[in-house]
Amino acid sequence: MPRPAQYHLIPLPDGAWETVECLATMIRHHATVPTVILDISAVDRLDIDTLAILVRKAMRLRSVGGQLLLVGPTPAVRKLIERTGTKCLLRTLPGCAAAVRHLDRDGRT
């Protein structure tokens with residue numbers, strides 16, 4: 001019998017502050033598993049405040065044995081993550097399939 005998925009897959013339609021605040025609330029109150037895959041392929045840019053929220057949520061998830069995976073980042077978003085030194089907390093992957101494969105290798109799917 002296959003076991004249930006051990007992650008949430010959430011599309012982020014834009015990088016707006018309100019959208020990320022909703023994400024943070026969802027993770028804080030509703031996440032039933034510790035790993036969140038965040039599809040940011042529709043996000044052109046992230047500001048530093050939004051990045052700070054994502055880092056805090058990644059730290060929270062990591063504290064309970066989970067992680068926050070960002071999939072589909074644009075070059076500008078990848079560059080911001082690298083420049084700010086948050087790459088170790090905000091793992092980026094090219095797409096959702098790559099994220100699921102990553103979790104499968106870790107035994108999380």
# chains A, B, ... in the order shown; residues from 1 in each chain; ligands from 1

call {"tool": "residues_around", "arguments": {"residues": "Gly85 in chain A", "least_positions_apart": "5", "cutoff": "12 Å", "atoms": "only C-alpha atoms", "output": "list of chain:residue names"}}
result
A:Leu51, A:Ala52, A:Val55, A:Arg78, A:Lys79, A:Leu80, A:Leu90, A:Arg91

call {"tool": "write_last_selection", "arguments": {"atoms": "N, CA, C and O atoms", "output": "CSV table (one decimal), in the first residue's frame"}}
result
chain,number,residue,atom,x,y,z
A,51,LEU,N,11.4,37.9,0.9
A,51,LEU,CA,12.5,36.9,1.1
A,51,LEU,C,12.6,36.6,2.6
A,51,LEU,O,12.8,35.4,3.0
A,52,ALA,N,12.6,37.6,3.4
A,52,ALA,CA,12.7,37.4,4.9
A,52,ALA,C,11.6,36.5,5.4
A,52,ALA,O,11.9,35.6,6.3
A,55,VAL,N,12.4,32.9,4.4
A,55,VAL,CA,13.5,32.4,5.2
A,55,VAL,C,13.0,32.0,6.6
A,55,VAL,O,13.3,30.9,7.1
A,78,ARG,N,16.6,33.6,-8.3
A,78,ARG,CA,17.8,32.8,-8.0
A,78,ARG,C,19.0,33.7,-7.6
A,78,ARG,O,19.7,33.4,-6.6
A,79,LYS,N,19.2,34.7,-8.3
A,79,LYS,CA,20.3,35.7,-8.0
A,79,LYS,C,20.1,36.3,-6.7
A,79,LYS,O,21.1,36.4,-5.9
A,80,LEU,N,18.9,36.7,-6.3
A,80,LEU,CA,18.6,37.3,-5.0
A,80,LEU,C,18.9,36.3,-3.9
A,80,LEU,O,19.5,36.7,-2.9
A,90,LEU,N,16.9,28.1,1.4
A,90,LEU,CA,15.9,28.1,0.3
A,90,LEU,C,16.4,27.3,-0.8
A,90,LEU,O,17.0,27.9,-1.8
A,91,ARG,N,16.2,26.1,-0.8
A,91,ARG,CA,16.6,25.2,-1.9
A,91,ARG,C,15.8,25.4,-3.1
A,91,ARG,O,14.5,25.4,-3.1

call {"tool": "residues_around", "arguments": {"residues": "Leu70 in chain A", "least_positions_apart": "2", "cutoff": "8 Å", "atoms": "only C-alpha atoms", "output": "compact mmCIF listing (two decimals) with all heavy atoms, in the first residue's frame"}}
result
# COMPACT_ATOMS: atom_id res chain seq x y z
N ILE A 37 6.48 22.48 -0.92
CA ILE A 37 7.03 22.79 -2.24
C ILE A 37 6.29 24.03 -2.72
O ILE A 37 5.07 23.99 -2.88
CB ILE A 37 6.85 21.63 -3.23
CG1 ILE A 37 7.55 20.37 -2.73
CG2 ILE A 37 7.36 22.03 -4.61
CD1 ILE A 37 7.26 19.14 -3.55
N LEU A 38 7.01 25.11 -2.92
CA LEU A 38 6.41 26.37 -3.32
C LEU A 38 6.76 26.66 -4.77
O LEU A 38 7.92 26.89 -5.10
CB LEU A 38 6.92 27.48 -2.40
CG LEU A 38 6.30 28.86 -2.58
CD1 LEU A 38 4.80 28.82 -2.35
CD2 LEU A 38 6.95 29.85 -1.63
N ASP A 39 5.76 26.61 -5.63
CA ASP A 39 5.95 26.87 -7.06
C ASP A 39 5.98 28.38 -7.27
O ASP A 39 4.95 29.05 -7.17
CB ASP A 39 4.83 26.23 -7.87
CG ASP A 39 5.01 26.41 -9.37
OD1 ASP A 39 5.90 27.18 -9.79
OD2 ASP A 39 4.26 25.76 -10.11
N ILE A 40 7.16 28.91 -7.54
CA ILE A 40 7.30 30.36 -7.73
C ILE A 40 7.60 30.71 -9.19
O ILE A 40 8.11 31.79 -9.48
CB ILE A 40 8.39 30.94 -6.80
CG1 ILE A 40 9.75 30.29 -7.06
CG2 ILE A 40 7.99 30.80 -5.34
CD1 ILE A 40 10.89 30.98 -6.36
N LEU A 68 11.51 23.87 3.04
CA LEU A 68 10.78 24.66 2.05
C LEU A 68 11.57 24.58 0.76
O LEU A 68 12.75 24.96 0.72
CB LEU A 68 10.65 26.12 2.51
CG LEU A 68 9.98 27.08 1.55
CD1 LEU A 68 8.52 26.68 1.31
CD2 LEU A 68 10.04 28.50 2.09
N GLY A 72 10.95 26.41 -9.84
CA GLY A 72 10.73 27.28 -10.98
C GLY A 72 11.14 28.72 -10.80
O GLY A 72 10.53 29.61 -11.40
N PRO A 73 12.19 29.02 -10.00
CA PRO A 73 12.55 30.43 -9.82
C PRO A 73 13.12 31.05 -11.09
O PRO A 73 13.81 30.37 -11.86
CB PRO A 73 13.60 30.40 -8.72
CG PRO A 73 14.24 29.06 -8.88
CD PRO A 73 13.13 28.14 -9.32
N LEU A 90 16.87 28.10 1.41
CA LEU A 90 15.87 28.12 0.34
C LEU A 90 16.39 27.32 -0.84
O LEU A 90 17.01 27.87 -1.75
CB LEU A 90 15.54 29.56 -0.05
CG LEU A 90 14.96 30.43 1.05
CD1 LEU A 90 14.82 31.87 0.57
CD2 LEU A 90 13.63 29.88 1.53
N ARG A 91 16.16 26.05 -0.81
CA ARG A 91 16.61 25.18 -1.90
C ARG A 91 15.76 25.45 -3.13
O ARG A 91 14.53 25.45 -3.06
CB ARG A 91 16.46 23.73 -1.46
CG ARG A 91 16.74 22.71 -2.51
CD ARG A 91 18.17 22.24 -2.39
NE ARG A 91 18.53 21.42 -3.53
CZ ARG A 91 18.97 20.20 -3.43
NH1 ARG A 91 19.11 19.64 -2.26
NH2 ARG A 91 19.30 19.53 -4.51
N THR A 92 16.40 25.68 -4.27
CA THR A 92 15.67 25.92 -5.52
C THR A 92 15.86 24.73 -6.45
O THR A 92 16.93 24.14 -6.51
CB THR A 92 16.15 27.21 -6.22
OG1 THR A 92 17.54 27.10 -6.51
CG2 THR A 92 15.90 28.43 -5.36
N LEU A 93 14.78 24.40 -7.13
CA LEU A 93 14.77 23.31 -8.09
C LEU A 93 14.05 23.78 -9.35
O LEU A 93 13.20 24.68 -9.28
CB LEU A 93 14.08 22.08 -7.49
CG LEU A 93 14.82 21.50 -6.28
CD1 LEU A 93 13.88 20.71 -5.40
CD2 LEU A 93 15.97 20.64 -6.75

call {"tool": "closest_residue", "arguments": {"among": "A:Ile48, A:Leu54, A:Leu61, A:Leu69", "to": "Leu103 in chain A", "atoms": "only C-alpha atoms"}}
result
A:Leu69

call {"tool": "atom_distance", "arguments": {"atom1": "CA of Ala42 in chain A", "atom2": "CA of Cys88 in chain A"}}
result
22.4 Å

call {"tool": "atom_distance", "arguments": {"atom1": "CA of Val36 in chain A", "atom2": "CA of Ala58 in chain A"}}
result
8.9 Å

call {"tool": "atom_distance", "arguments": {"atom1": "CA of Gly65 in chain A", "atom2": "CA of Val77 in chain A"}}
result
25.2 Å

call {"tool": "closest_residue", "arguments": {"among": "A:Arg105, A:Met59, A:Thr74, A:Val43", "to": "Thr86 in chain A", "atoms": "only C-alpha atoms"}}
result
A:Met59

call {"tool": "decode", "arguments": {"residues": "range 37-71 of chain A", "atoms": "C-alpha atoms", "output": "JSON list (two decimals), in the first residue's frame"}}
result
[["chain", "number", "residue", "atom", "x", "y", "z"],
["A", 37, "ILE", "CA", 7.03, 22.79, -2.24],
["A", 38, "LEU", "CA", 6.41, 26.37, -3.32],
["A", 39, "ASP", "CA", 5.95, 26.87, -7.06],
["A", 40, "ILE", "CA", 7.30, 30.36, -7.73],
["A", 41, "SER", "CA", 7.53, 30.06, -11.51],
["A", 42, "ALA", "CA", 5.00, 32.89, -11.91],
["A", 43, "VAL", "CA", 7.03, 35.23, -9.65],
["A", 44, "ASP", "CA", 9.20, 37.69, -11.55],
["A", 45, "ARG", "CA", 10.88, 39.27, -8.53],
["A", 46, "LEU", "CA", 10.93, 39.02, -4.74],
["A", 47, "ASP", "CA", 11.61, 41.97, -2.49],
["A", 48, "ILE", "CA", 13.76, 41.63, 0.61],
["A", 49, "ASP", "CA", 10.75, 41.63, 2.98],
["A", 50, "THR", "CA", 9.15, 38.75, 1.11],
["A", 51, "LEU", "CA", 12.45, 36.89, 1.10],
["A", 52, "ALA", "CA", 12.70, 37.38, 4.88],
["A", 53, "ILE", "CA", 9.29, 35.76, 5.37],
["A", 54, "LEU", "CA", 10.30, 32.80, 3.22],
["A", 55, "VAL", "CA", 13.52, 32.40, 5.20],
["A", 56, "ARG", "CA", 11.62, 32.46, 8.51],
["A", 57, "LYS", "CA", 9.17, 29.85, 7.23],
["A", 58, "ALA", "CA", 12.04, 27.69, 5.94],
["A", 59, "MET", "CA", 13.68, 27.90, 9.38],
["A", 60, "ARG", "CA", 10.40, 26.96, 11.06],
["A", 61, "LEU", "CA", 9.88, 23.98, 8.77],
["A", 62, "ARG", "CA", 13.48, 22.88, 9.24],
["A", 63, "SER", "CA", 13.02, 22.99, 13.03],
["A", 64, "VAL", "CA", 10.35, 20.26, 12.74],
["A", 65, "GLY", "CA", 12.34, 18.13, 10.31],
["A", 66, "GLY", "CA", 10.92, 19.61, 7.12],
["A", 67, "GLN", "CA", 11.99, 21.99, 4.44],
["A", 68, "LEU", "CA", 10.78, 24.66, 2.05],
["A", 69, "LEU", "CA", 11.59, 23.94, -1.59],
["A", 70, "LEU", "CA", 11.20, 26.68, -4.19],
["A", 71, "VAL", "CA", 10.50, 25.43, -7.70]]
